[in-house]
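Below is one structure, written out as structure tokens; comments come after it.
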Amino acid sequence: MRALSFSRALALAAIVLGLLFALLSTTANHALMDFVIRLASLAIFATSLNLLAGYGGMVSFGHGMFYGFGAYFFALTMQRAGVSIPVAIVASILGSALLAAIVGVICVRLKEIYFSFVTLAFQMLIHATILAAMPLTGGDQGLRGGVPRPPFLGLNLSNQKQLCMFSAFLLIVCLFAMHHVVSSPFGATLRMTRDNADRAAYLGIAVDRVRLKAFIIAAVFASIGGLLQALFVSGAYPDFAYWTVSGEGIFVIMLGGTTTFLGPLLGSVLMLLLNDFVSRFTEYHGLALGSVILVVALGLRKGVGDFVVDWLSARSEADASERTKTTEAAS
Amino acid sequence: MDLDSLFSCFASTSCVITQTTSGFIIGMLLFLVAVGLTLIFGILKVVNFSHGVFYMIGAYLALTVYQTTGSFPLALLAGGFGAALVGLAIERAFMSRIYGANPLMQILVCYALILIFDDLARLIWGGDFRSMGMPDVFQVPPVFIFGGVAPPYYIFVIAVAAAIAIVLALVIARTRFGKIVRAAAHNPAMVSALGINTVAIYALVFAAGCLLAGLAGALAAPVRTVSPGMGFSILIESFIVTVIGGMGSIAGALVGALLIGMLRTFGALGFPLFNEGLMYIFMVMVLVIRPSGLFGKEAA
Amino acid sequence: MTAALEIRDLQKSFGGVRATNNVSLTFEAGSLAAVIGPNGAGKSTFFNLISGALRPDYGTVRVEGRDIVGLSRAEIVKLGIARAFQVASLFSTFTVGDSLLAAVTSGLDQSERMLSRFPPPQASSRAEEVADMLGLTSKWRTKSSTLSHGDQKLLDIAIALVREPRVLLLDEPTAGMGPDERWRMIEKVREMWTRQKITVVFIEHDMDIVFAVAPRICVLCYGEIIADGTPDEIRANARVIEAYLGTPNAEAPP
Ligand SMILES: Nc1ncnc2c1ncn2[C@@H]1O[C@H](COP(=O)(O)OP(=O)(O)OP(=O)(O)O)[C@@H](O)[C@H]1O
Ligand SMILES: [Mg+2]
């Protein structure tokens with residue numbers, strides 16, 4: 001799939017936002033608004049995981065720690081510091097970048113599966129810390145009392161419609177930012193370290209530093225996904241930092257496809273639909289979801305987005321050979 | 001932090017003995033789970049993130065069998081071999097398809113298995129915490145060693161696990177099967193070229209790992225609460241054990257497990273609120289100083 | 001003038017195996033030399049020591065007068081040493097063009113920039129020049145992993161060359177090729193050497209090629225340099241004949 005040009009993508013994003021706005025001003029469909037907000041949160045998180053795992057080859061099984069951390073850090077900042085929402089967002093970004101730098105320094109040197117489970121261990125450490133730091137976080141009850149949402153720049157996020165528009169906007173901003181990262185020289189360097197770290201080192205690339213940077217960037221975006229969730233539910237719960245968040249993220253990027261930038265977005269849509277569908281029919285959510293995962297992972301072996309890409313490239317190749325045939329015939 | 005009680009414990013033999021026995025039982029149970037994990041990784045080259053599932057299955061089966069028959073030996077056998085059978089089925093149906101696959105796929109399949117089995121346990125045994133109770137044979141007064149308390153059941157568990165460790169080491173070091181397994185870990189292509197059925201070896205090793213985890217679950221059932229999520233916490237701890245000991249090393253699993261066991265019991269005295277955190281800090285220290293673990297060969 | 005590459009008393013052992021034993025060699029700037037030797041003689045190890053993949057047990061390696069022992073691979077690259085590998089070492093998901101562009105970018109101190117777009121405009125002329133020189137232009141959009149074996153070896157060299165090294169080490173550029181393809185490959189290497197005016201050291205098994213192409217030949221055997229000189233000198237060297245053909249008188253074919 002040829003990448004969209006920047007201006008076209010921008011136009012497309014503006015249209016999507018405009019349509020959403022128009023839709024929301026005619027109907028106030030709560031299910032739709034909830035869906036958009038949850039989608040924004042999950043898609044930002046999943047895309048950031050794909051930046052790390054798909055582009056960087058670092059399959060983190062603990063990426064959810066930054067999602068949970070972002071949610072708690074943001075909610076706590078709002079509750080305790082009484083700052084405005086943008087300030088708290090910036091603070092959460094800085095906080096998660098710092099956490100990622102510390103965890104990353106230890107993890108990025110590790111290879112493949114070692115990396116996966118050491119990140120998982122760190123996730124469990126964060127989770128355990130949240131449970132233990134009862135006075136601050138409310139322990140296993142979660143952080144309650146609501147997250148204050150004072151209006152800023154004319155936006156009132158306690159109004160669900162405005163929160164929905166804000167989420168959609170934030171999602172688009174984050175997607176553009178992450179896309180910029182992966183299509184920059186840094187993105188190319190990151191992919192080089194993924195494909196062949198040894199060779200990259202022979203080209204003078206400081207592999208671990210590149211990996212650490214990617215780790216921090218991905219963590220920052222994951223925390224944005226988390227804080228959006230905290231805004232949505234007006235609180236933060238230990239489940240946000242539980243390992244299942246990471247597992248779900250991995251399933252989402254696998255479902256949508258890791259070879260395209262927008263695969264995780266597609267995966268997030270499918271995942272949310274699947275979740276809603278499953279919970280309508282059974283209380284044994286894990287049983288149903290797990291079975292679907294097994295079918296997708298072992299049956300399809302690649303994501304839905306990957307199928308689309310393969311199909312498109314097969315078609316364009318067919319087109320190309322068609323064209324050469326006709327030109328040959330003409331000459 | 002409560003360093004005073006830690007130091008005052010070190011000052012009395014009885015306290016040290018009591019804590020050490022508890023450390024041993026935690027460590028030995030952990031060893032049984034971790035050694036399976038490390039064997040499976042060493043030979044099959046997959047990290048079985050769903051290993052905790054078999055620990056849980058072992059515990060539940062032991063509980064059910066004990067409560068219906070009243071026989072503890074039967075419960076142990078049911079836990080171990082039940083988990084091994086389930087493991088064998090899973091290896092054939094799912095795991096065998098992800099050998100050599102990318103980590104993403106491996107993690108995903110294991111994630112699915114955990115979701116499925118945790119829910120199955122909930123479906124079959126209900127979602128609440130269950131407890132099996134101490135078998136009658138062990139309901140005798142504890143043994144006192146230099147004034148320290150050592151419950152008989154603890155001694156039994158430690159003895160069983162130690163016996164398993166010895167048998168395992170002998171099987172791997174001395175038998176033909178052990179030789180084949182070591183060769184398969186080193187060079188699978190060579191082993192299958194020699195006409196040895198690597199598929200069967202892989203299935204056996206996986207099932208053996210599950211057997212040990214199931215047995216650990218069964219042994220833990222009398223002293224721990226049994227619940228659907230119990231597999232995951234032991235999984236994380238056994239990962240930490242293998243990271244500390246070095247992936248693929250049996251001796252490493254033993255030493256790592258005992259270190260974690262001691263850290264947990266003595267840590268509980270000195271750092272009651274941050275006991276779990278100590279374990280992670282210890283892991284990080286090992287990773288920084290020796291990334292391949294205390295007994296690991298190649299660099300991680 | 002200091003030599004491009006000056007190696008003194010280089011030693012490296014793996015356990016009991018002495019892979020490099022007291023090797024001293026000097027390569028003048030702009031020279032072309034071949035390293036030959038039987039399998040397992042320590043040729044790849046020799047390159048690994050120079051390029052910083054391995055640390056020597058003893059000895060010095062100077063690049064234009066600067067000692068590089070103990071420097072990281074990245075620092076050694078910055079001093080102008082590049083290498084290609086016995087088994088082509090590529091970026092499998094990159095196209096030929098992107099591999100070269102990315103390799104150039106990695107030398108532009110831009111490789112970690114996040115706000116510009118890849119490829120940076122300055123990268124394309126060098127990448128295209130090298131692709132053209134090695135005959136890879138028609139494969140520009142082909143994915144590395146789907147290239148033919150020969151093209152993979154060429155791309156491997158191109159990736160090394162694109163960074164404008166002053167010393168280029170080629171580990172068996174013709175490995176795994178048929179006779180005709182070997183000659184074509186080595187012609188490209190020679191042409192590249194003449195045009196780039198850099199120091200090229202290559203490892204080669206095919207004697208016909210070595211004697212035809214290399215003005216200077218170094219023979220490595222069990223980690224030691226047993227001969228070093230022009231093709232004529234090497235042909236006449238008794239130790240070389242012994243190393244390759246066994247005892248000179250008894251077993252040499254008539
Ligand atoms: N990393 C290593 N660890 C242990 N031994 C090594 C290592 N690298 C090379 N050796 C040993 O050093 C010796 C020289 O190996 P090297 O690869 O340098 O030979 P070579 O001349 O390149 O051979 P070939 O013609 O087959 O490429 C061999 O005996 C090899 O087994
Ligand atoms: Mg070699």
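By convention in this document, the chains of the structure tokens carry letters A, B, ... by their order, each chain's residues are numbered from 1, and ligands are numbered from 1 in the order they are shown.
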Chain B near chain A within 8 Å: what's each residue's closest atom pair and its distance in Å to one decimal, counting only C-alpha atoms, ordered by chain then ascending residue number, as CSV?
residue,atom,partner,partner_atom,distance
B:Val47,CA,A:Ile113,CA,7.2
B:Phe94,CA,A:Leu298,CA,7.8
B:Arg97,CA,A:Leu298,CA,7.4
B:Pro103,CA,A:Ile113,CA,6.3
B:Leu104,CA,A:Val59,CA,6.2
B:Met105,CA,A:Ala297,CA,6.8
B:Ile107,CA,A:Gly247,CA,7.8
B:Leu108,CA,A:Phe251,CA,6.3
B:Val109,CA,A:Leu294,CA,6.1
B:Tyr111,CA,A:Gly247,CA,6.2
B:Ala112,CA,A:Gly290,CA,4.1
B:Leu113,CA,A:Gly290,CA,6.4
B:Ile114,CA,A:Gly290,CA,7.8
B:Leu115,CA,A:Gly286,CA,4.6
B:Ile116,CA,A:Leu287,CA,4.2
B:Phe117,CA,A:Leu287,CA,7.3
B:Asp118,CA,A:Gly286,CA,7.6
B:Asp119,CA,A:Leu287,CA,5.6
B:Leu120,CA,A:Leu287,CA,7.0
B:Leu123,CA,A:Tyr284,CA,7.9
B:Ile236,CA,A:Ala121,CA,6.4
B:Phe239,CA,A:Phe117,CA,7.3
B:Ile240,CA,A:Ala121,CA,7.4
B:Leu273,CA,A:Ala132,CA,6.7
B:Phe274,CA,A:Ala132,CA,7.5
B:Glu276,CA,A:Ala128,CA,7.3
B:Gly277,CA,A:Leu125,CA,6.4
B:Tyr280,CA,A:Leu125,CA,6.8
B:Val284,CA,A:Ile106,CA,7.4
B:Leu287,CA,A:Ile106,CA,7.5
B:Val288,CA,A:Ile106,CA,6.8
B:Pro291,CA,A:Leu110,CA,7.6
B:Ala300,CA,A:Leu110,CA,5.7
Close residues to ligand 1 using only C-alpha atoms and all ligand atoms, limit 9 Å, as a PyMOL selection string: chain C and resi 12-15+17-20+36-48+54+86+171-172+203-205+220-223
From the list C:Gly65, C:Pro215, C:Gly229, C:Pro173, which residue is nearest ligand 2 when using only C-alpha atoms and all ligand atoms?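 Of all the options, C:Pro173 lies closest to ligand 2.
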Give me, as a PyMOL selection string, the contact residues of chain C against chain A at a cut-off of 9 Å, counting only C-alpha atoms. chain C and resi 51-53+72-78+82-83+89-94+98-99+102-107+110-120+159-160+163
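For the pair atom CA of Ser31 of chain C and atom CA of Gly135 of chain C, the separation is 23.1 Å.
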So that I can check the surroundings of Phe152 of chain A, please list as a PyMOL selection string every protein, DNA and RNA residue that reaches within 9 Å of it, counting only C-alpha atoms and ignoring chain neighbours fewer than 6 positions away. chain A and resi 84-86
DSSP on the backbone, then: every residue of segment 129-183 of chain C marked strand (DSSP E), written as a list in words.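 Residues meeting the strand (DSSP E) criterion: Val167, Leu168, Leu169 and Leu170 of chain C.
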Residue contacts of Glu91 of chain B (9 Å, only C-alpha atoms) excluding same-chain residues fewer than 5 positions away, as JSON, numbers by chain: {"B": [86, 96, 97, 202, 203, 206, 207]}
